[in-house]
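> Sharing a structure with you now.
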Amino acid sequence: MKKIFYIFAAATAILASCEKEIDLDYKDIDPLPVIEGILSSENTEVKFTRTRNMGDSVKSPGIQCESVRIIGEDGTAVELDFGSDGVYRPAQNIDVEPGRTYTLEVKNDGLTYTAQSTASEPVKTTGPEFVWAEFVDWMQCWEFLVVDNSDSVEKFLRINIFRNGKIYYWGTTSGKGEFPVDLGLYYDSDMEFDEEMILYDGDKMRFEIMTIDRATYDYLYGLQIDNMNPAPIFRCSDPDVTCLGYFSAMVTVQVQEVVYEKTKHP
């Protein structure tokens, strides 16, 4: 089941194949700029890198730029500081309001890159539960239900799963109204050959649910489909320069933390 979440039941929202982290790998071409930006009331992080060739196993560290700013609708700008880990963050948290549009501006090597994102109200969900489902063989799943959402409003989600402090998998899903989300974690049988996938009693699981905008959803979903190159959402001051990556503003990141306890099959 390596690098795939399996989905059960016809009513379940589709969660496409998921990667352990967002690996922006492309064909052997001149490196392209890549910007990854998340803005929320609790945490804001922006990282500027460049693509690497498929044969290069060394990941690019975050690159220091001339300036990185978050700009509000009223023109107020917040400068972000470059950290020792190669990630830009503000000195103080930025109060993100739903319905407001925010602009990420990055200047580097004489070029200016911009992307906009409108913050959505976070979804309301039930608490996560570990359940067993029989799909080819018994599989351990984690599920929750999106509730109190209008039938006319489509919500776009990114879900990060961490195990014992390290990324386990990530994925995207969407739906209108109330909709269930089932994440297949691993097969409890000889079908599971990836030791990294197996959950053990006492594993500390952290689930992050982000309500993202449509442009970011489309971009991340495109990455999940065989790492294809999705349509860029950043604009560059030089129209001949392509900038990859995403920027999404959200009011909050919903966090659920549980300790895994294995139960018997039904």
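Following the order of the structure tokens, first chain is A, next is B, and so on, with residues numbered from 1 inside each chain and ligands from 1 in the order they appear.
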Using only C-alpha atoms, determine which residues lie at most 8 Å from Cys65 of chain A, disregarding the query and same-chain residues fewer than 2 positions distant; provide the list as a list in words.

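The residues that qualify are Phe48, Ile63, Ser67, Val68, Val106, Lys107, Asn108 and Asp109 of chain A.
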
> DSSP on the backbone, strand (DSSP E) only: what residues of segment 89-188 of chain A does that give? Format it as a PyMOL selection string.

chain A and resi 89-90+101-108+111-118+124-125+129-135+137-147+154-163+166-176+179-187

> Just the number, please: distance in Å from atom CA of Glu261 of chain A to atom CA of Tyr200 of chain A, one decimal.

7.3 Å

> When distances are computed from only C-alpha atoms, which of A:Tyr217, A:Phe234, A:Phe247, A:Phe130 shows the smallest separation from Leu39 of chain A?

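Result for the nearest residue to Leu39 of chain A: A:Phe247.
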
> Excluding Gly75 of chain A and its own-chain neighbours fewer than 5 positions away, which residues fall within 10 Å of it when counting only C-alpha atoms? Please give them as an MDAnalysis selection string.

chainID A and resid 70 102:103

> What's the 9 Å shell around Leu145 of chain A, counting only C-alpha atoms, without same-chain residues fewer than 3 positions away, as JSON, numbers by chain?

{"A": [124, 125, 126, 127, 128, 178, 179, 180, 181, 182]}

> Identify which of the residues A:Thr211, A:Thr112, A:Gln64, A:Thr216 lies closest to Tyr88 of chain A, counting only C-alpha atoms when measuring atom-to-atom distances.

A:Gln64

> Could you check which of A:Ala119, A:Ala133, A:Val255, A:Cys236 is closest to Asn160 of chain A, using only C-alpha atoms?

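Residue with the minimum atom-to-atom distance to Asn160 of chain A: A:Val255.
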
> Report the distance between atom CA of Gln254 of chain A and atom CA of Glu36 of chain A in Å, rounded to one decimal place.

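So the two atoms, atom CA of Gln254 of chain A and atom CA of Glu36 of chain A, lie 19.5 Å apart.
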
> Taking 4 positions as the minimum chain separation for residues in the same chain, which residues sit within 12 Å of Glu45 of chain A when counting only C-alpha atoms? Answer as a ChimeraX atom specification.

/A:35-41,62,68-70,79-83,85-94,104,246-249

> May I have the selected residues written with N, CA and C atoms, as a PDB file, in the first residue's frame?


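What follows is the written file result_29.pdb:
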```
ATOM      1  N   ILE A  35       7.963  27.954  -4.567  1.00  0.00           N
ATOM      2  CA  ILE A  35       7.564  28.634  -3.332  1.00  0.00           C
ATOM      3  C   ILE A  35       6.453  27.818  -2.680  1.00  0.00           C
ATOM      4  N   GLU A  36       6.653  27.471  -1.407  1.00  0.00           N
ATOM      5  CA  GLU A  36       5.635  26.764  -0.639  1.00  0.00           C
ATOM      6  C   GLU A  36       5.250  27.644   0.534  1.00  0.00           C
ATOM      7  N   GLY A  37       3.982  28.088   0.570  1.00  0.00           N
ATOM      8  CA  GLY A  37       3.555  29.027   1.595  1.00  0.00           C
ATOM      9  C   GLY A  37       2.247  28.655   2.252  1.00  0.00           C
ATOM     10  N   ILE A  38       2.218  28.674   3.568  1.00  0.00           N
ATOM     11  CA  ILE A  38       1.007  28.456   4.353  1.00  0.00           C
ATOM     12  C   ILE A  38       0.862  29.626   5.319  1.00  0.00           C
ATOM     13  N   LEU A  39      -0.336  30.223   5.351  1.00  0.00           N
ATOM     14  CA  LEU A  39      -0.634  31.325   6.255  1.00  0.00           C
ATOM     15  C   LEU A  39      -1.812  30.940   7.133  1.00  0.00           C
ATOM     16  N   SER A  40      -1.624  30.948   8.442  1.00  0.00           N
ATOM     17  CA  SER A  40      -2.720  30.729   9.376  1.00  0.00           C
ATOM     18  C   SER A  40      -2.499  31.594  10.609  1.00  0.00           C
ATOM     19  N   SER A  41      -3.532  31.702  11.442  1.00  0.00           N
ATOM     20  CA  SER A  41      -3.434  32.553  12.630  1.00  0.00           C
ATOM     21  C   SER A  41      -2.414  32.031  13.631  1.00  0.00           C
ATOM     22  N   GLY A  62      16.218  25.713   2.043  1.00  0.00           N
ATOM     23  CA  GLY A  62      15.534  26.963   1.777  1.00  0.00           C
ATOM     24  C   GLY A  62      16.521  28.054   1.425  1.00  0.00           C
ATOM     25  N   VAL A  68      10.465  38.700   1.737  1.00  0.00           N
ATOM     26  CA  VAL A  68       9.258  37.875   1.698  1.00  0.00           C
ATOM     27  C   VAL A  68       8.218  38.589   2.553  1.00  0.00           C
ATOM     28  N   ARG A  69       7.045  38.864   1.969  1.00  0.00           N
ATOM     29  CA  ARG A  69       6.016  39.627   2.676  1.00  0.00           C
ATOM     30  C   ARG A  69       4.638  38.993   2.492  1.00  0.00           C
ATOM     31  N   ILE A  70       3.808  39.158   3.517  1.00  0.00           N
ATOM     32  CA  ILE A  70       2.380  38.865   3.434  1.00  0.00           C
ATOM     33  C   ILE A  70       1.657  40.203   3.412  1.00  0.00           C
ATOM     34  N   GLU A  79       6.595  41.747   7.051  1.00  0.00           N
ATOM     35  CA  GLU A  79       7.838  41.139   6.585  1.00  0.00           C
ATOM     36  C   GLU A  79       8.087  39.829   7.338  1.00  0.00           C
ATOM     37  N   LEU A  80       8.539  38.813   6.619  1.00  0.00           N
ATOM     38  CA  LEU A  80       8.871  37.539   7.228  1.00  0.00           C
ATOM     39  C   LEU A  80      10.379  37.422   7.374  1.00  0.00           C
ATOM     40  N   ASP A  81      10.811  36.753   8.434  1.00  0.00           N
ATOM     41  CA  ASP A  81      12.231  36.604   8.720  1.00  0.00           C
ATOM     42  C   ASP A  81      12.734  35.228   8.311  1.00  0.00           C
ATOM     43  N   PHE A  82      13.959  35.197   7.805  1.00  0.00           N
ATOM     44  CA  PHE A  82      14.580  33.951   7.359  1.00  0.00           C
ATOM     45  C   PHE A  82      15.156  33.215   8.556  1.00  0.00           C
ATOM     46  N   GLY A  83      14.759  31.945   8.733  1.00  0.00           N
ATOM     47  CA  GLY A  83      15.228  31.156   9.859  1.00  0.00           C
ATOM     48  C   GLY A  83      16.397  30.261   9.505  1.00  0.00           C
ATOM     49  N   ASP A  85      16.541  27.194   9.616  1.00  0.00           N
ATOM     50  CA  ASP A  85      16.084  25.991   8.927  1.00  0.00           C
ATOM     51  C   ASP A  85      15.685  26.256   7.483  1.00  0.00           C
ATOM     52  N   GLY A  86      15.907  27.481   7.010  1.00  0.00           N
ATOM     53  CA  GLY A  86      15.598  27.817   5.627  1.00  0.00           C
ATOM     54  C   GLY A  86      14.147  28.177   5.378  1.00  0.00           C
ATOM     55  N   VAL A  87      13.388  28.427   6.447  1.00  0.00           N
ATOM     56  CA  VAL A  87      11.971  28.761   6.332  1.00  0.00           C
ATOM     57  C   VAL A  87      11.734  30.182   6.812  1.00  0.00           C
ATOM     58  N   TYR A  88      10.893  30.918   6.090  1.00  0.00           N
ATOM     59  CA  TYR A  88      10.516  32.274   6.478  1.00  0.00           C
ATOM     60  C   TYR A  88       9.290  32.226   7.390  1.00  0.00           C
ATOM     61  N   ARG A  89       9.344  33.021   8.478  1.00  0.00           N
ATOM     62  CA  ARG A  89       8.226  33.135   9.412  1.00  0.00           C
ATOM     63  C   ARG A  89       8.120  34.580   9.895  1.00  0.00           C
ATOM     64  N   PRO A  90       6.927  35.034  10.299  1.00  0.00           N
ATOM     65  CA  PRO A  90       6.794  36.380  10.859  1.00  0.00           C
ATOM     66  C   PRO A  90       7.260  36.416  12.303  1.00  0.00           C
ATOM     67  N   ALA A  91       7.635  37.582  12.770  1.00  0.00           N
ATOM     68  CA  ALA A  91       8.062  37.718  14.165  1.00  0.00           C
ATOM     69  C   ALA A  91       6.898  37.464  15.105  1.00  0.00           C
ATOM     70  N   GLN A  92       5.670  37.808  14.686  1.00  0.00           N
ATOM     71  CA  GLN A  92       4.465  37.558  15.451  1.00  0.00           C
ATOM     72  C   GLN A  92       3.407  36.956  14.534  1.00  0.00           C
ATOM     73  N   ASN A  93       2.508  36.174  15.124  1.00  0.00           N
ATOM     74  CA  ASN A  93       1.456  35.560  14.325  1.00  0.00           C
ATOM     75  C   ASN A  93       0.591  36.611  13.641  1.00  0.00           C
ATOM     76  N   ILE A  94       0.093  36.271  12.470  1.00  0.00           N
ATOM     77  CA  ILE A  94      -0.768  37.152  11.688  1.00  0.00           C
ATOM     78  C   ILE A  94      -2.219  36.729  11.905  1.00  0.00           C
ATOM     79  N   LEU A 104       0.975  36.766  -1.066  1.00  0.00           N
ATOM     80  CA  LEU A 104       2.348  36.422  -0.727  1.00  0.00           C
ATOM     81  C   LEU A 104       3.247  37.008  -1.802  1.00  0.00           C
ATOM     82  N   TYR A 246       2.786  26.688  -4.139  1.00  0.00           N
ATOM     83  CA  TYR A 246       1.436  27.009  -3.712  1.00  0.00           C
ATOM     84  C   TYR A 246       1.488  28.012  -2.562  1.00  0.00           C
ATOM     85  N   PHE A 247       0.364  28.700  -2.360  1.00  0.00           N
ATOM     86  CA  PHE A 247       0.189  29.584  -1.212  1.00  0.00           C
ATOM     87  C   PHE A 247      -1.263  29.506  -0.794  1.00  0.00           C
ATOM     88  N   SER A 248      -1.511  29.174   0.465  1.00  0.00           N
ATOM     89  CA  SER A 248      -2.888  29.045   0.939  1.00  0.00           C
ATOM     90  C   SER A 248      -3.044  29.712   2.291  1.00  0.00           C
ATOM     91  N   ALA A 249      -4.048  30.588   2.384  1.00  0.00           N
ATOM     92  CA  ALA A 249      -4.386  31.244   3.642  1.00  0.00           C
ATOM     93  C   ALA A 249      -5.549  30.502   4.284  1.00  0.00           C
TER      94      ALA A 249
END
```

> From the set A:Asp95, A:Trp132, A:Tyr221, A:Ile198, which residue has the shortest atom-to-atom contact distance to Leu157 of chain A, counting only C-alpha atoms?

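Using only C-alpha atoms, the shortest distance to Leu157 of chain A belongs to A:Tyr221.
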
> Considering only C-alpha atoms, state which residue in the set A:Glu73, A:Glu143, A:Glu208, A:Asp188 is at the smallest distance from Tyr169 of chain A.

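Of A:Glu73, A:Glu143, A:Glu208, A:Asp188, the one nearest Tyr169 of chain A is A:Glu208, counting only C-alpha atoms.
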
> May I ask for the distance between atom CA of Ser174 of chain A and atom CA of Leu199 of chain A, given in Å to one decimal place?

26.3 Å

> As a list in words, please: every residue in segment 52-255 of chain A that a backbone DSSP assignment puts in alpha helix (DSSP H).

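Matching residues, listed in order: Arg214, Ala215, Thr216, Tyr217, Asp218, Tyr219, Leu220, Tyr221, Gly222, Leu223 and Gln224 of chain A.
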